[in-house]
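Below is target.txt, which holds compact mmCIF, C-alpha atoms and all ligand atoms.
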```
# COMPACT_ATOMS: atom_id res chain seq x y z
CA MET Z 1 -19.26 7.79 0.06
CA THR Z 2 -17.72 6.60 -3.17
CA VAL Z 3 -16.28 3.16 -3.58
CA LEU Z 4 -14.20 2.82 -6.70
CA LYS Z 5 -13.24 -0.28 -8.64
CA VAL Z 6 -9.88 -1.70 -7.58
CA ARG Z 7 -7.68 -2.42 -10.57
CA THR Z 8 -6.05 -5.83 -10.72
CA LEU Z 9 -3.16 -7.29 -12.68
CA PRO Z 10 -2.51 -7.13 -15.61
CA ASP Z 11 -3.97 -3.59 -15.68
CA PRO Z 12 -1.10 -1.44 -17.02
CA VAL Z 13 -1.80 1.44 -14.61
CA LEU Z 14 -0.40 -0.79 -11.86
CA ARG Z 15 2.94 -0.91 -13.69
CA GLN Z 16 3.35 2.82 -14.24
CA LYS Z 17 5.53 5.04 -12.10
CA ALA Z 18 2.99 7.41 -10.58
CA LYS Z 19 3.40 11.19 -10.91
CA LYS Z 20 4.07 13.57 -8.05
CA VAL Z 21 1.16 15.62 -6.75
CA ALA Z 22 1.88 19.33 -7.30
CA ASN Z 23 -1.24 20.95 -5.85
CA ILE Z 24 -3.24 19.42 -3.06
CA ASP Z 25 -6.52 20.93 -4.21
CA GLY Z 26 -10.18 20.00 -3.82
CA SER Z 27 -9.98 17.25 -6.42
CA ILE Z 28 -7.13 15.63 -4.49
CA GLN Z 29 -9.11 15.86 -1.23
CA LYS Z 30 -12.05 14.13 -2.95
CA LEU Z 31 -9.71 11.47 -4.34
CA ILE Z 32 -8.28 10.81 -0.85
CA ASP Z 33 -11.80 10.48 0.60
CA ASP Z 34 -12.75 8.06 -2.16
CA MET Z 35 -9.56 6.05 -1.57
CA ILE Z 36 -10.33 5.75 2.15
CA ASP Z 37 -13.93 4.68 1.39
CA THR Z 38 -12.68 2.12 -1.13
CA MET Z 39 -9.95 0.76 1.17
CA ARG Z 40 -12.51 0.24 3.95
CA ALA Z 41 -15.10 -1.30 1.64
CA VAL Z 42 -12.68 -3.94 0.41
CA HIS Z 43 -11.08 -4.45 3.85
CA GLY Z 44 -7.58 -3.51 2.80
CA VAL Z 45 -4.87 -2.29 5.15
CA GLY Z 46 -3.82 0.25 2.54
CA LEU Z 47 -4.53 1.53 -0.95
CA ALA Z 48 -2.45 3.43 -3.48
CA ALA Z 49 -3.99 5.74 -6.09
CA PRO Z 50 -2.82 3.62 -9.07
CA GLN Z 51 -4.99 0.81 -7.68
CA ILE Z 52 -8.06 2.87 -8.55
CA GLY Z 53 -6.62 3.88 -11.90
CA ILE Z 54 -5.11 7.24 -10.89
CA SER Z 55 -1.39 7.41 -11.51
CA LEU Z 56 -0.54 9.88 -8.72
CA ARG Z 57 1.75 9.48 -5.70
CA ILE Z 58 -0.92 9.15 -3.01
CA ALA Z 59 -1.49 6.29 -0.59
CA VAL Z 60 -3.72 5.68 2.39
CA ILE Z 61 -3.04 3.19 5.20
CA GLU Z 62 -5.29 2.13 8.04
CA ILE Z 63 -3.86 -0.21 10.63
CA PRO Z 64 -6.63 -1.71 12.79
CA GLU Z 65 -7.35 0.43 15.88
CA LYS Z 66 -5.21 3.31 14.53
CA GLU Z 67 -6.00 6.52 12.72
CA VAL Z 68 -5.94 6.51 8.94
CA ILE Z 69 -2.69 7.81 7.44
CA THR Z 70 -2.63 9.73 4.16
CA LEU Z 71 0.69 9.99 2.35
CA ILE Z 72 1.28 12.35 -0.55
CA ASN Z 73 4.56 12.09 -2.48
CA PRO Z 74 6.01 9.67 0.09
CA GLU Z 75 9.66 8.63 0.02
CA ILE Z 76 11.43 6.02 2.08
CA VAL Z 77 14.42 7.64 3.77
CA ARG Z 78 15.61 4.68 5.84
CA ARG Z 79 15.06 0.95 6.19
CA GLU Z 80 16.34 -1.21 9.04
CA GLY Z 81 16.40 -4.96 9.48
CA VAL Z 82 14.81 -7.72 7.45
CA ARG Z 83 11.97 -10.06 8.31
CA VAL Z 84 9.98 -12.61 6.37
CA VAL Z 85 6.28 -11.79 6.15
CA ALA Z 86 3.19 -13.05 4.38
CA GLU Z 87 1.08 -10.61 2.48
CA GLY Z 88 -1.59 -10.27 -0.14
CA CYS Z 89 -2.61 -7.39 -2.39
CA LEU Z 90 -6.02 -6.09 -3.42
CA SER Z 91 -4.70 -5.89 -6.97
CA TYR Z 92 -3.74 -9.57 -7.04
CA PRO Z 93 -6.70 -11.23 -5.34
CA GLY Z 94 -6.79 -14.84 -4.31
CA TYR Z 95 -3.11 -15.23 -3.41
CA TYR Z 96 -0.72 -14.69 -0.57
CA GLY Z 97 3.02 -14.65 -0.81
CA GLU Z 98 5.95 -14.85 1.52
CA ILE Z 99 8.54 -12.12 1.03
CA LYS Z 100 11.20 -10.14 2.86
CA ARG Z 101 10.28 -6.74 4.25
CA SER Z 102 12.13 -4.28 6.47
CA GLU Z 103 11.62 -4.30 10.23
CA VAL Z 104 11.64 -0.52 10.46
CA VAL Z 105 10.81 1.95 7.69
CA LYS Z 106 11.15 5.72 7.92
CA VAL Z 107 9.23 7.83 5.42
CA LYS Z 108 8.93 11.48 4.55
CA ALA Z 109 5.81 12.71 2.83
CA GLN Z 110 3.16 15.39 2.85
CA ASN Z 111 -0.10 14.93 4.69
CA ARG Z 112 -3.44 15.92 3.16
CA GLN Z 113 -3.04 19.46 4.50
CA GLY Z 114 0.18 19.70 2.49
CA LYS Z 115 2.35 19.74 5.60
CA LYS Z 116 5.70 17.92 5.44
CA VAL Z 117 5.66 14.96 7.80
CA ARG Z 118 8.00 12.15 8.77
CA LEU Z 119 6.90 8.87 10.19
CA LYS Z 120 8.46 5.69 11.41
CA GLY Z 121 6.73 2.36 10.95
CA GLU Z 122 7.38 -1.01 12.53
CA GLU Z 123 5.72 -4.38 11.99
CA LEU Z 124 2.52 -4.09 9.93
CA LEU Z 125 2.94 -0.35 9.37
CA ALA Z 126 6.48 -0.83 8.04
CA GLN Z 127 5.18 -3.56 5.74
CA ALA Z 128 2.29 -1.40 4.51
CA LEU Z 129 4.56 1.60 3.91
CA GLU Z 130 6.87 -0.47 1.72
CA HIS Z 131 3.94 -2.14 -0.05
CA GLU Z 132 2.16 1.14 -0.88
CA ILE Z 133 5.28 3.02 -1.94
CA ASP Z 134 6.11 0.05 -4.18
CA HIS Z 135 2.67 0.51 -5.80
CA LEU Z 136 3.59 4.12 -6.62
CA ASN Z 137 6.63 2.80 -8.47
CA GLY Z 138 4.75 0.14 -10.41
CA ILE Z 139 5.95 -2.71 -8.19
CA LEU Z 140 3.77 -5.42 -6.66
CA TYR Z 141 4.69 -7.79 -3.87
CA VAL Z 142 4.76 -10.71 -6.31
CA ASP Z 143 7.83 -9.09 -7.88
CA HIS Z 144 9.69 -9.75 -4.61
CA ILE Z 145 8.80 -13.43 -4.40
CA GLU Z 146 11.74 -15.80 -4.67
CA GLY Z 147 10.22 -18.94 -6.17
CA HIS Z 148 6.73 -20.25 -6.87
CA ASP Z 149 6.58 -22.23 -3.63
CA ARG Z 150 6.39 -18.87 -1.82
CA LEU Z 151 3.02 -18.02 -3.39
CA TRP Z 152 -0.17 -19.79 -2.42
CA GLU Z 153 -3.81 -19.57 -3.36
CA VAL Z 154 -6.53 -18.66 -0.88
CA THR Z 155 -10.15 -17.70 -0.91
CA PRO Z 156 -10.14 -13.98 -1.72
CA GLN Z 157 -9.93 -12.06 1.56
CA GLY Z 158 -11.10 -15.13 3.42
CA ASN Z 159 -7.97 -15.55 5.47
CA GLN Z 160 -7.01 -11.99 6.26
CA THR Z 161 -5.37 -11.61 9.65
CA LEU Z 162 -2.72 -9.28 10.99
CA GLU Z 163 -0.18 -11.97 10.10
CA HIS Z 164 -1.57 -12.28 6.56
CA PRO Z 165 -2.71 -8.78 5.66
CA ILE Z 166 -4.14 -7.72 2.34
CA ILE Z 167 -2.48 -4.45 1.53
NI NI Z 201 -1.35 -3.85 -2.79
```

Can I see the file as structure tokens?
Ligand code: NI
Amino acid sequence: MTVLKVRTLPDPVLRQKAKKVANIDGSIQKLIDDMIDTMRAVHGVGLAAPQIGISLRIAVIEIPEKEVITLINPEIVRREGVRVVAEGCLSYPGYYGEIKRSEVVKVKAQNRQGKKVRLKGEELLAQALEHEIDHLNGILYVDHIEGHDRLWEVTPQGNQTLEHPII
């Protein structure tokens, strides 16, 4: 088990557009395992590779009570609806913000076996898919906040709930 350091703003790796993964080899499998270990250790709902300093298009998501999802080279193919949600980010600890996210998000990606997959997310999964794919493009949720009154300070990870996830 390897828990890696989670990068936080203003680390420039968080602002880079991550590169596509060409070969899903042993080093990528190890990276995915380390990302899952790290996500669980810090109690995140998801983690993108740039958050541990690796600028590659890989993300992991674990919704409570569900199986972990690994996404390689994910792309959003469809978004439906808009809802206002609260969320935090492991790379911007101590804050939550209120932003707009899609109600339904459809994604195509590869899984860790390299197989092409499509998945549809609603609610927290839709939110996590948008949040993680944003990370791969150098975007953080704070970039979506419309006004400083939509961002508030909290004890780091102290208030995490399904309504206020840290992603
Ligand atoms: Ni995040």

Residues of chain Z that approach ligand NI 201 (chain Z) to 6 Å or less, counting only C-alpha atoms and all ligand atoms: could you list each one with the shortest pair of atoms and its distance in Å to one decimal, rows by chain and increasing residue number, as CSV?
```
residue,atom,partner,partner_atom,distance
Z:Cys89,CA,Z:NI201,NI,3.8
Z:Leu90,CA,Z:NI201,NI,5.2
Z:Ser91,CA,Z:NI201,NI,5.7
Z:Ile167,CA,Z:NI201,NI,4.5
```

Identify which of the residues Z:Asp11, Z:Glu153, Z:Asp25, Z:Asp34 lies closest to Z:Glu98, counting only C-alpha atoms when measuring atom-to-atom distances.
Z:Glu153

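By chain and then residue number, the residues within 9 Å of Z:Glu146 are Glu98, Ile99, Val142, Asp143, Asp149 and Arg150 of chain Z, counting all atoms listed in the file and disregarding those fewer than 3 positions away in sequence.
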
Compile a residue-level contact table for stretch 73-165 of chain Z against stretch 53-64 of chain Z at a cut-off of 10 Å, reporting for every qualifying residue the shortest atom pair and its distance in Å to one decimal, with all atoms listed in the file counted, rows ordered by chain and ascending number, as a tab-separated table.
```
residue	atom	partner	partner_atom	distance
Z:Asn73	CA	Z:Arg57	CA	5.0
Z:Pro74	CA	Z:Arg57	CA	7.2
Z:Glu75	CA	Z:Arg57	CA	9.8
Z:Ala109	CA	Z:Ile58	CA	9.6
Z:Gln110	CA	Z:Ile58	CA	9.5
Z:Asn111	CA	Z:Ile58	CA	9.7
Z:Arg112	CA	Z:Ile58	CA	9.5
Z:Leu124	CA	Z:Ile63	CA	7.5
Z:Leu125	CA	Z:Ile63	CA	6.9
Z:Ala128	CA	Z:Ile61	CA	7.1
Z:Leu129	CA	Z:Ile61	CA	7.9
Z:Glu132	CA	Z:Ala59	CA	6.3
Z:Ile133	CA	Z:Ala59	CA	7.6
Z:His135	CA	Z:Ala59	CA	8.8
Z:Leu136	CA	Z:Arg57	CA	5.7
Z:Asn137	CA	Z:Arg57	CA	8.7
Z:Gly138	CA	Z:Ser55	CA	9.6
Z:Leu162	CA	Z:Pro64	CA	8.7
Z:Pro165	CA	Z:Ile63	CA	10.0
```

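Here atom CA of Z:Met39 stands at a distance of 18.1 Å from atom CA of Z:Tyr96.
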